[in-house]
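Written out below as structure tokens is the structure these notes cover.
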Amino acid sequence: MLLRKTTIVVLAILLCLSPAVLLAKPVYKIGGIFSSTGRASFLGDPEKKTMEMMVEKINAAGGIDGHMLQAVIYDSEGDPAKAVSAVNKLIHKDKVLAIIGPSTTPTTLAIVNFVERAQLPLISCAAGVKITSPVKPWVFKTAQSDLLAVAAVYQHIQARGIKKIGIITVANSFGESGKNQLLAQAPDFGLEVVQAESFGAKDTDTTAQLTKIKSAAPEAIVCWGTNPGPAVVAKNVKQLKLDIPLYQSHGVASPKFIELAGDAAEGIILPTGKILVTGLLPEDDVQKKILEDYQVDYQAKYKGNVSGFGGYAFDAVNLLAKALKGSNGDKNKIRRALESMAHHVGATGEFNFSAQDHNGLAPSAFVMVEIKGGTWKLIK
Amino acid sequence: MQEIIQYLFSGITTGAIYAVIAVGLSMLYSSTELINFAHGEFVMLGAMAIVTLWVHMALPLPLAFAGAVALGCCMGLLFERLAIRTARTPQPIVLVIITVGASIFLRGVAMIVWGKDPFSVPAFSRHDSIEIAGAALLPQSIWIVGAAVLLAGGIHFFLKKTLTGKAMVACAVNKKAAWLTGIPSEKMGILAFAVSTGSGAVAGIFIAPITMSSYDMGTMLGLKGFCAAMIGGLGSLWGAFAGGILLGVLESLGAGLISSGLKDAIAFILLLLILYICPGGLFSAKEAKRF
Amino acid sequence: MVTDSVKAFSKQSLGSCDIECPKDITRSHDILNVRNLTKMFGGVTAQDDISFSIEPGIVCGLIGPNGAGKTTLFNMITGIYRPDSGQVLFNGRPTRKMAVHQLVRAGIARTFQHVELFGSMTLLENVLVGMHVRTKSGFWGAVTRMPWVMREERRAREKAMDLLEFTGLTQYAHRPAGDLPVGRQKMAEIARALASEPKLLLLDEPAAGLNPVETEALGKLIQRVKERAVTMMLVEHDMSLAMGISDKVIVLDRGKKLAEGSPREVQNNQAVMEAYLGRG
Amino acid sequence: MDDNKKKQWTENTIFLVVILGCGLGVDNTYYLQIMTFIGINTLLALGLNMLMGYAGQVSLGHAAFYGIGAYTTAILSGTYGISPWAALVCAVSCAVFIAFVVGLPTLKLSGYYLGMGTLGFGMIVNILFREWSTVTGGSSGFVGIPMLEAGPVSFMSGRNYFFLVWMVVLVAVLLCRRILSSRMGRALRSIHDGENASLAVGVNTHFLKLQIFMFSAALGAVAGFLYAHFVMFISPESFGFMVSVKMVTMVVIGGMASVWGALLGASLLTLLPEVLHGFAEYEMIIFGLILMVVMIFMPQGLTRGLLDIYEHSRKRDKRHGN
């Protein structure tokens with residue numbers, strides 16, 4: 001027993017003295033800001049876990065050019081002021097090379113000025129269009145813009161021959177950004193928004209709004225929100241016996257939504273990243289392998305299901321890792337590498353960054369799914 | 001017309017939720033003169049407990065119900081015993097901040113116990129919505145309204161008709177005098193807390209099937225319940241009930257007739273106007289200021 | 001029954017009752033006229049058709065058993081309660097539309113039955129607050145500290161110290177008012193009330209809780225205040241004090257005026273004796 | 001009297017020296033930034049303390065004025081390109097005017113009803129920030145608030161901004177002190193000690209409460225201005241109900257009716273979350289516990305509570321010495 005312990009200690013000392021360690025390069029510190037608690041915790045929590053997992057994995061594979069990665073992650077609680085305080089901590093105290101996150105649009109917008117000033121690459125995991133348009137040199141994002149999601153939904157509606165729609169959006173930044181896109185893009189698809197309503201994120205009932213929409217006689221309803229509000233909307237639509245198609249946003253694309261809405265989820269159509277329907281993807285889909293690997297790793301480590309939101313962080317870490325390669329810790333090099341990144345296949349889609357596009361995704365990043373029998377069905 | 005009826009139904013459904021919460025708050029006020037800002041968290045505890053007991057552990061509903069209410073009562077007891085009683089000065093603002101601290105604490109505990117995801121609970125009676133004059137009414141709404149009426153009525157009866165209840169009110173009016181007449185005011189305080197938080201848990205149980213339950217559901221509900229209780233006039237149970245329904249109906253009509261984005265603002269503007277006209281709430285007992 | 005007979009009696013014996021002779025109450029030199037004042041609380045009549053008037057410079061005692069409505073009357077004269085009917089004239093002007101602070105500025109000051117000093121503030125500060133209506137500086141004065149503000153402040157302090165000396169409280173000037181013994185607090189309330197330079201001072205049971213020595217000192221103080229040409233109304237249960245310093249006494253019982261007259265007249269009034277002793 | 005003045009002078013001098021020391025001695029932008037946030041929160045707590053601690057009026061909607069200050073300057077300087085300093089004047093006037101209009105009826109309420117009234121006001125203002133999205137940027141927030149500059153001095157660096165904020169705090173502390181020791185301040189404190197008596201000695205309590213409500217609104221607006229130009233991004237969430245509650249908590253936990261209490265309360269509530277970050281999931285539990293424990297054992301707030309502990313231990317030392 002004692003002997004074995006001594007051997008281990010000796011071995012450990014020898015290992016430490018080995019040339020590999022002596023030549024070990026300084027770690028690359030990368031920062032993360034996620035709303036892992038608070039209202040947007042459904043976004044931040046999987047993102048944080050994914051980032052931790054990915055960093056571990058990269059380190060296990062020998063790091064980047066021999067540099068180990070170290071993740072410094074702070075919780076923004078979805079509060080812009082906390083995000084600002086976190087970004088300053090990352091820039092000035094931890095002196096990180098790049099930052100991943102934050103999870104929501106307001107928190108991202110709050111810190112954009114600071115990273116621009118500090119000239120530090122930021123890869124946001126939030127959906128808002130405002131983040132990358134207009135393009136800011138140091139700010140990138142991996143989440144699909146609601147621009148693309150709305151386009152995907154409208155394409156489907158248009159194909160059905162529907163002309164008049166009613167929309168109901170949640171009264172937060174996600175819903176507001178979605179509402180703006182829904183209103184702006186409707187004419188492009190020959191659609192008319194006959195009634196636009198909103199509901200509070202914590203509302204217990206939305207029948208008043210839906211009644212108003214009903215009286216405007218639309219042919220379909222589009223609901224834009226994040227859990228749990230849209231589940232309430234779905235239930236209320238059934239109660240009011242509104243027999244028109246209900247579309248939801250990618251904000252509810254998680255198994256939780258089906259669980260929450262129960263029977264009322266039947267027949268709902270929504271756009272989602274491919275991650276939700278990995279199993280249903282054709283074998284020749286380039287993303288399939290990546291998604292399966294990610295899911296296996298995540299489930300092994302955290303025993304929970306992956307969500308599209310974690311995928312944003314997955315892509316962000318991978319993109320950053322690629323950009324870090326050969327950069328030698330030079331932030332300008334990292335930024336240039338990110339901006340010239342092309343054909344990077346990630347969990348969310350294929351990224352093609354350019355000086356004009358810091359989101360780099362195409363509408364093909366979304367697939368449309370329908371909820372049938374309590375599970376997702378891919379719509380071709 | 002049909003829409004108006006639907007708005008009223010929707011308003012009454014949400015209003016009944018506010019009402020049932022307001023009744024618990026108001027009850028505590030009439031027996032301890034304290035506003036519990038953690039009341040919404042007890043509502044949340046009730047809802048989460050029913051999720052665990054009924055949905056996850058599949059206990060029969062009455063048993064789960066009793067369990068959830070018992071949990072609410074026990075937490076209320078503990079809260080009174082450990083935090084409110086030990087406070088060195090019973091200055092109202094200090095006690096209010098203690099309850100604010102308690103609400104943050106309870107939310108934190110619930111986040112650890114139940115996680116951050118919301119849960120859904122099936123309706124107590126699985127029927128389709130009932131149609132009246134072309135407007136749909138949920139069976140669960142009737143449950144909630146019924147619960148609110150029963151709770152308000154029951155507590156009203158308890159406070160006004162039973163000896164224990166009367167003693168409780170006496171403690172609120174004048175603790176020392178009550179003590180002199182031999183009322184154990186400490187026990188009364190504990191009892192008041194237990195009844196109030198228990199009623200909060202009941203509210204949570206009835207609300208759970210209508211809305212989604214999550215660890216942070218309590219804040220907004222507690223706030224609305226507080227507003228409802230104030231509008232009705234603190235300490236008046238029927239006032240709290242009416243205040244809740246009024247708030248719900250105003251919100252719903254505001255959303256339906258004016259703008260859904262501004263519905264809370266519309267409701268609050270009207271509430272403020274009511275307060276300006278009757279500064280002690282709708283059902284306040286008119287008391288002369290003593291000099 | 002009893003009250004009716006009492007009323008009849010008092011009308012006979014005192015002769016000069018104001019209810020009977022309305023022209024009397026418009027005498028312009030009266031500092032205070034109270035006309036047919038009535039106030040209800042819920043179903044209870046706290047003040048029932050009270051009328052009287054007070055000449056300047058006198059001390060008027062207001063006596064009556066507990067619950068007679070003495071404090072309520074004070075609250076109506078000082079504008080805290082609005083009467084249901086009837087009116088109060090101060091220096092010939094109706095006070096109905098005036099707010100409490102306006103009445104104080106016009107010259108009505110009061111003390112409280114239970115001492116209501118500002119406990120956390122020093123005695124000097126208490127008296128300075130009493131001077132509130134006689135000083136002017138406001139927010140901008142406080143912020144800019146213009147010379148006139150500082151002058152006003154200095155003068156106010158000097159006057160406040162004078163008042164404390166007048167009431168024999170100089171040594172307590174910088175002590176928190178709440179720390180003073182009850183007797184001193186009673187005196188301090190009078191000092192604070194005097195600070196507003198009142199023409200009419202209402203004292204609500206100034207001797208309650210005082211020992212005989214203090215009561216005597218209080219009597220002397222009231223006498224000295226009277227010399228300053230301040231008219232006073234005084235609610236008092238200490239009969240020797242009330243009768244000793246009052247020029248005129250009004251007796252209230254159950255919200256009604258029972259009698260009015262000189263201390264001697266009132267003392268010999270049968271109805272008053274009944275009210276105090278007979279009916280318990 | 002003179003002792004008091006001397007004490008205040010020493011306190012102010014120490015305060016100034018500490019500010020200078022922190023500003024010049026601390027080099028890390030992160031720490032400077034935390035201290036800047038403390039300064040902004042101190043301003044908020046100071047204003048509310050005047051209202052709560054001295055006038056005895058609870059406001060549960062004070063974040064509205066904070067927001068009005070921030071949004072006014074953001075819109076005027078960001079959208080219309082007006083100089084931020086001119087915008088500051090507008091922001092403060094706007095907040096004061098709104099405080100006047102709202103306070104006129106609201107301050108007639110008392111106790112919990114006043115709490116309800118102010119809460120409703122705060123909610124309405126917050127909803128307007130969110131819904132008036134063409135002007136305020138809606139819930140996604142307002143981007144593009146310019147940086148502060150005063151002639152050759154740019155407030156871009158953390159240190160300059162730190163000094164700016166804390167000089168404003170110092171001025172505000174002096175202002176509050178001046179008000180409190182004046183005729184107005186005495187009347188204000190008298191309301192707190194006994195509103196009935198205060199009324200009876202001729203204080204126009206309603207008007208005075210209104211004045212102090214407007215003053216605290218002005219301080220809130222200044223804090224909002226400083227916040228907006230510091231973070232250069234604002235969104236409705238930063239001015240919601242929870243922020244109002246946090247402000248009240250700062251005042252009560254620091255110690256009501258004490259200028260230094262505001263500073264202490266603001267420091268504690270700004271630093272605590274930073275420190276508790278390490279506990280991740282348990283942050284809320286610990287935060288709630290600390291709040292409860294402080295209030296249970298130091299109901300007069302930290303200022304009084306810590307002083308009591310200090311005096312107690314000194315007394316005990318003395319006893320031991322003898």
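As shown in the structure tokens, the chain order sets the letters A, B, ...; within each chain, residues go from 1, and ligands are also counted from 1 in the order they appear.
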Contact residues around Phe189 in chain A with only C-alpha atoms at 12 Å, ignoring same-chain residues under 3 positions, as a ChimeraX atom specification: /A:150-165,182-186,192-193
Could the residues in this selection be written to a file with N, CA and C atoms, as a compact mmCIF listing (two decimals), in the first residue's frame?
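Result file is result.txt:
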```txt
# COMPACT_ATOMS: atom_id res chain seq x y z
N VAL A 150 -37.60 33.93 -38.91
CA VAL A 150 -38.85 34.47 -39.45
C VAL A 150 -38.98 34.10 -40.92
N ALA A 151 -37.87 34.20 -41.64
CA ALA A 151 -37.90 33.85 -43.06
C ALA A 151 -38.33 32.39 -43.24
N ALA A 152 -37.80 31.52 -42.38
CA ALA A 152 -38.14 30.10 -42.49
C ALA A 152 -39.63 29.89 -42.23
N VAL A 153 -40.17 30.55 -41.19
CA VAL A 153 -41.59 30.40 -40.87
C VAL A 153 -42.44 30.95 -42.01
N TYR A 154 -42.08 32.12 -42.49
CA TYR A 154 -42.89 32.76 -43.54
C TYR A 154 -42.89 31.95 -44.84
N GLN A 155 -41.75 31.35 -45.13
CA GLN A 155 -41.69 30.50 -46.34
C GLN A 155 -42.74 29.40 -46.25
N HIS A 156 -42.80 28.81 -45.05
CA HIS A 156 -43.74 27.71 -44.85
C HIS A 156 -45.17 28.20 -44.95
N ILE A 157 -45.44 29.36 -44.36
CA ILE A 157 -46.79 29.91 -44.39
C ILE A 157 -47.19 30.24 -45.83
N GLN A 158 -46.25 30.83 -46.54
CA GLN A 158 -46.52 31.23 -47.91
C GLN A 158 -46.84 30.02 -48.78
N ALA A 159 -46.07 28.96 -48.55
CA ALA A 159 -46.28 27.74 -49.33
C ALA A 159 -47.67 27.17 -49.12
N ARG A 160 -48.26 27.45 -47.97
CA ARG A 160 -49.62 26.96 -47.68
C ARG A 160 -50.70 27.82 -48.32
N GLY A 161 -50.27 28.94 -48.85
CA GLY A 161 -51.24 29.82 -49.48
C GLY A 161 -51.98 30.71 -48.51
N ILE A 162 -51.39 30.91 -47.33
CA ILE A 162 -52.05 31.78 -46.33
C ILE A 162 -51.68 33.23 -46.59
N LYS A 163 -52.64 34.12 -46.42
CA LYS A 163 -52.38 35.54 -46.69
C LYS A 163 -52.42 36.39 -45.42
N LYS A 164 -53.31 36.03 -44.50
CA LYS A 164 -53.49 36.89 -43.32
C LYS A 164 -53.04 36.16 -42.05
N ILE A 165 -52.20 36.82 -41.28
CA ILE A 165 -51.75 36.17 -40.05
C ILE A 165 -51.92 37.12 -38.86
N LEU A 182 -41.01 40.03 -37.83
CA LEU A 182 -42.27 39.52 -38.37
C LEU A 182 -42.99 40.63 -39.15
N LEU A 183 -43.01 41.83 -38.58
CA LEU A 183 -43.70 42.93 -39.24
C LEU A 183 -42.94 43.38 -40.48
N ALA A 184 -41.61 43.39 -40.37
CA ALA A 184 -40.81 43.91 -41.48
C ALA A 184 -40.81 42.97 -42.69
N GLN A 185 -40.79 41.66 -42.43
CA GLN A 185 -40.64 40.72 -43.54
C GLN A 185 -41.97 40.29 -44.16
N ALA A 186 -43.10 40.57 -43.47
CA ALA A 186 -44.39 40.09 -43.96
C ALA A 186 -44.66 40.48 -45.42
N GLU A 192 -50.09 39.59 -44.70
CA GLU A 192 -50.58 40.77 -43.99
C GLU A 192 -50.76 40.40 -42.52
N VAL A 193 -50.14 41.20 -41.66
CA VAL A 193 -50.32 40.97 -40.22
C VAL A 193 -51.57 41.73 -39.80
```
Please provide the set of residues having any atom within 8 Å of range 181-184 of chain B, restricted to only C-alpha atoms, with same-chain residues fewer than 3 positions apart removed, written as a PyMOL selection string. chain B and resi 167+171+177-178+187-188
Expected file contents, prior selection, N, CA and C atoms, as a PDB file, in the first residue's frame:
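File out-v9.pdb, as written:
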```
ATOM      1  N   ALA B 167     -59.497  36.228  18.792  1.00  0.00           N
ATOM      2  CA  ALA B 167     -58.303  36.490  19.591  1.00  0.00           C
ATOM      3  C   ALA B 167     -57.170  36.975  18.693  1.00  0.00           C
ATOM      4  N   CYS B 171     -55.105  40.541  18.852  1.00  0.00           N
ATOM      5  CA  CYS B 171     -53.650  40.695  18.948  1.00  0.00           C
ATOM      6  C   CYS B 171     -53.144  41.774  18.003  1.00  0.00           C
ATOM      7  N   ALA B 177     -52.855  44.709  25.230  1.00  0.00           N
ATOM      8  CA  ALA B 177     -54.178  44.515  25.824  1.00  0.00           C
ATOM      9  C   ALA B 177     -54.611  43.068  25.660  1.00  0.00           C
ATOM     10  N   ALA B 178     -54.321  42.509  24.483  1.00  0.00           N
ATOM     11  CA  ALA B 178     -54.697  41.119  24.231  1.00  0.00           C
ATOM     12  C   ALA B 178     -53.969  40.206  25.214  1.00  0.00           C
ATOM     13  N   LYS B 187     -48.543  32.591  20.241  1.00  0.00           N
ATOM     14  CA  LYS B 187     -49.161  31.469  19.541  1.00  0.00           C
ATOM     15  C   LYS B 187     -50.037  31.966  18.409  1.00  0.00           C
ATOM     16  N   MET B 188     -50.722  33.067  18.672  1.00  0.00           N
ATOM     17  CA  MET B 188     -51.609  33.622  17.658  1.00  0.00           C
ATOM     18  C   MET B 188     -50.815  34.047  16.425  1.00  0.00           C
TER      19      MET B 188
END
```
Which residues of chain D are close to chain C, meaning at most 12 Å apart when you count only C-alpha atoms, and how do they look as number ranges by chain? D: 1-4, 54, 171-212, 214-215, 257
Please provide the set of residues having any atom within 9 Å of range 205-219 of chain B, restricted to only C-alpha atoms, with same-chain residues fewer than 6 positions apart removed, written as an NGL selection string. (:A and (38-39 or 202-205 or 228-229 or 231-232 or 235 or 260)) or (:B and (17 or 37-51 or 65 or 68-69 or 103 or 106-111 or 114-124 or 140-141 or 143-144 or 147))
Write out as CSV the residues of chain D that have any atom within 10 Å of an atom of chain A, one row each with the nearest atom pair and its distance in Å to one decimal, counting only C-alpha atoms, sorted by chain and then rising number.
```
residue,atom,partner,partner_atom,distance
D:Asp27,CA,A:His92,CA,9.8
D:Asn28,CA,A:His92,CA,6.5
D:Thr29,CA,A:His92,CA,5.9
D:Tyr30,CA,A:Lys89,CA,5.2
D:Tyr31,CA,A:Lys89,CA,8.2
D:Leu32,CA,A:Asn88,CA,9.8
D:Gln33,CA,A:Ser85,CA,7.3
D:Ile34,CA,A:Ser85,CA,7.2
D:Phe37,CA,A:Ser85,CA,9.0
D:Ile127,CA,A:Ala171,CA,9.6
D:Arg130,CA,A:Ala171,CA,8.0
D:Glu131,CA,A:Ala171,CA,8.4
D:Ser133,CA,A:Glu176,CA,9.0
D:Gly137,CA,A:Ser173,CA,9.8
D:Gly138,CA,A:Glu176,CA,7.5
D:Ser139,CA,A:Ser173,CA,4.7
D:Ser140,CA,A:Ser173,CA,4.4
D:Gly141,CA,A:Pro106,CA,5.9
D:Phe142,CA,A:Leu109,CA,8.7
D:Val143,CA,A:Leu109,CA,7.0
D:Gly144,CA,A:Asn113,CA,8.9
D:Ile145,CA,A:Asn113,CA,10.0
D:Met156,CA,A:Arg117,CA,9.6
D:Tyr227,CA,A:Ala81,CA,9.2
D:Phe230,CA,A:Val84,CA,9.9
D:Val231,CA,A:Ala110,CA,6.9
D:Met232,CA,A:Ala110,CA,7.3
D:Phe233,CA,A:Ala110,CA,5.1
D:Ile234,CA,A:Ala110,CA,7.2
D:Ser235,CA,A:Pro106,CA,6.9
D:Pro236,CA,A:Asn172,CA,9.6
D:Glu237,CA,A:Asp79,CA,7.2
D:Ser238,CA,A:Asp79,CA,7.1
D:Pro273,CA,A:Lys82,CA,9.2
D:Glu274,CA,A:Ser85,CA,8.8
D:His277,CA,A:Asp75,CA,7.4
D:Gly278,CA,A:Tyr74,CA,9.1
D:Ala280,CA,A:Asp75,CA,7.9
D:Glu281,CA,A:Thr37,CA,7.6
D:Glu283,CA,A:Thr37,CA,9.6
D:Met284,CA,A:Thr37,CA,9.6
```
Which residues are near Ser340 in chain A? Cut-off 12 Å, only C-alpha atoms, ignore same chain within fewer than 3 positions. Put them as a list in words.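 Once the nearby chain positions are removed, what remains is Phe140, Leu319, Lys322, Ala323, Lys333, Ile334, Arg335, Arg336, Ala337, His343, His344, Phe351, Asn352, Phe353, Ser354, Ala355, Gln356, Asp357, His358, Asn359 and Gly360 of chain A.
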Check every residue of chain D for an atom within 6 Å of chain B, counting only C-alpha atoms, and provide those that qualify as a list of chain:residue names.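 The contacting residues on chain D are D:Leu109, D:Gly120, D:Ile124, D:Met284, D:Ile285, D:Gly288, D:Leu291, D:Met292, D:Ile296.
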So how many Å separate CA of Ser129 in chain B and CA of Lys238 in chain A, to one decimal?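 Value for the CA of Ser129 in chain B-CA of Lys238 in chain A distance: 8.9 Å.
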Which of range 180-274 of chain B counts as helix (DSSP H, G or I) under DSSP, as a PyMOL selection string please? chain B and resi 180+185-207+218-232+237-258+263-274
What is the distance, in Å and to one decimal place, between CA of Ala170 in chain B and CA of Ser31 in chain B?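 Calculated distance between CA of Ala170 in chain B and CA of Ser31 in chain B is 7.7 Å.
Coordinates place CA of Pro46 in chain A at a distance of 23.8 Å from CA of Ala362 in chain A.
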Based on the backbone DSSP call, show me all residues of range 73-292 of chain A assigned strand (DSSP E), as a PyMOL selection string. chain A and resi 73-75+98-100+122-124+139-141+164-170+192-199+220-224+246-247+269-272
Counting only C-alpha atoms, the residue of C:Lys257, C:Gly67, C:Val225, C:Phe41 that sits nearest chain B: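 Once distances to chain B are computed over only C-alpha atoms, the minimum belongs to C:Phe41.
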Go through B:Ala192, B:Leu53, B:Ile130, B:Leu78 one by one, measure the shortest atom-to-atom distance of each to chain A using only C-alpha atoms, and give the residue with the smallest value. B:Ile130
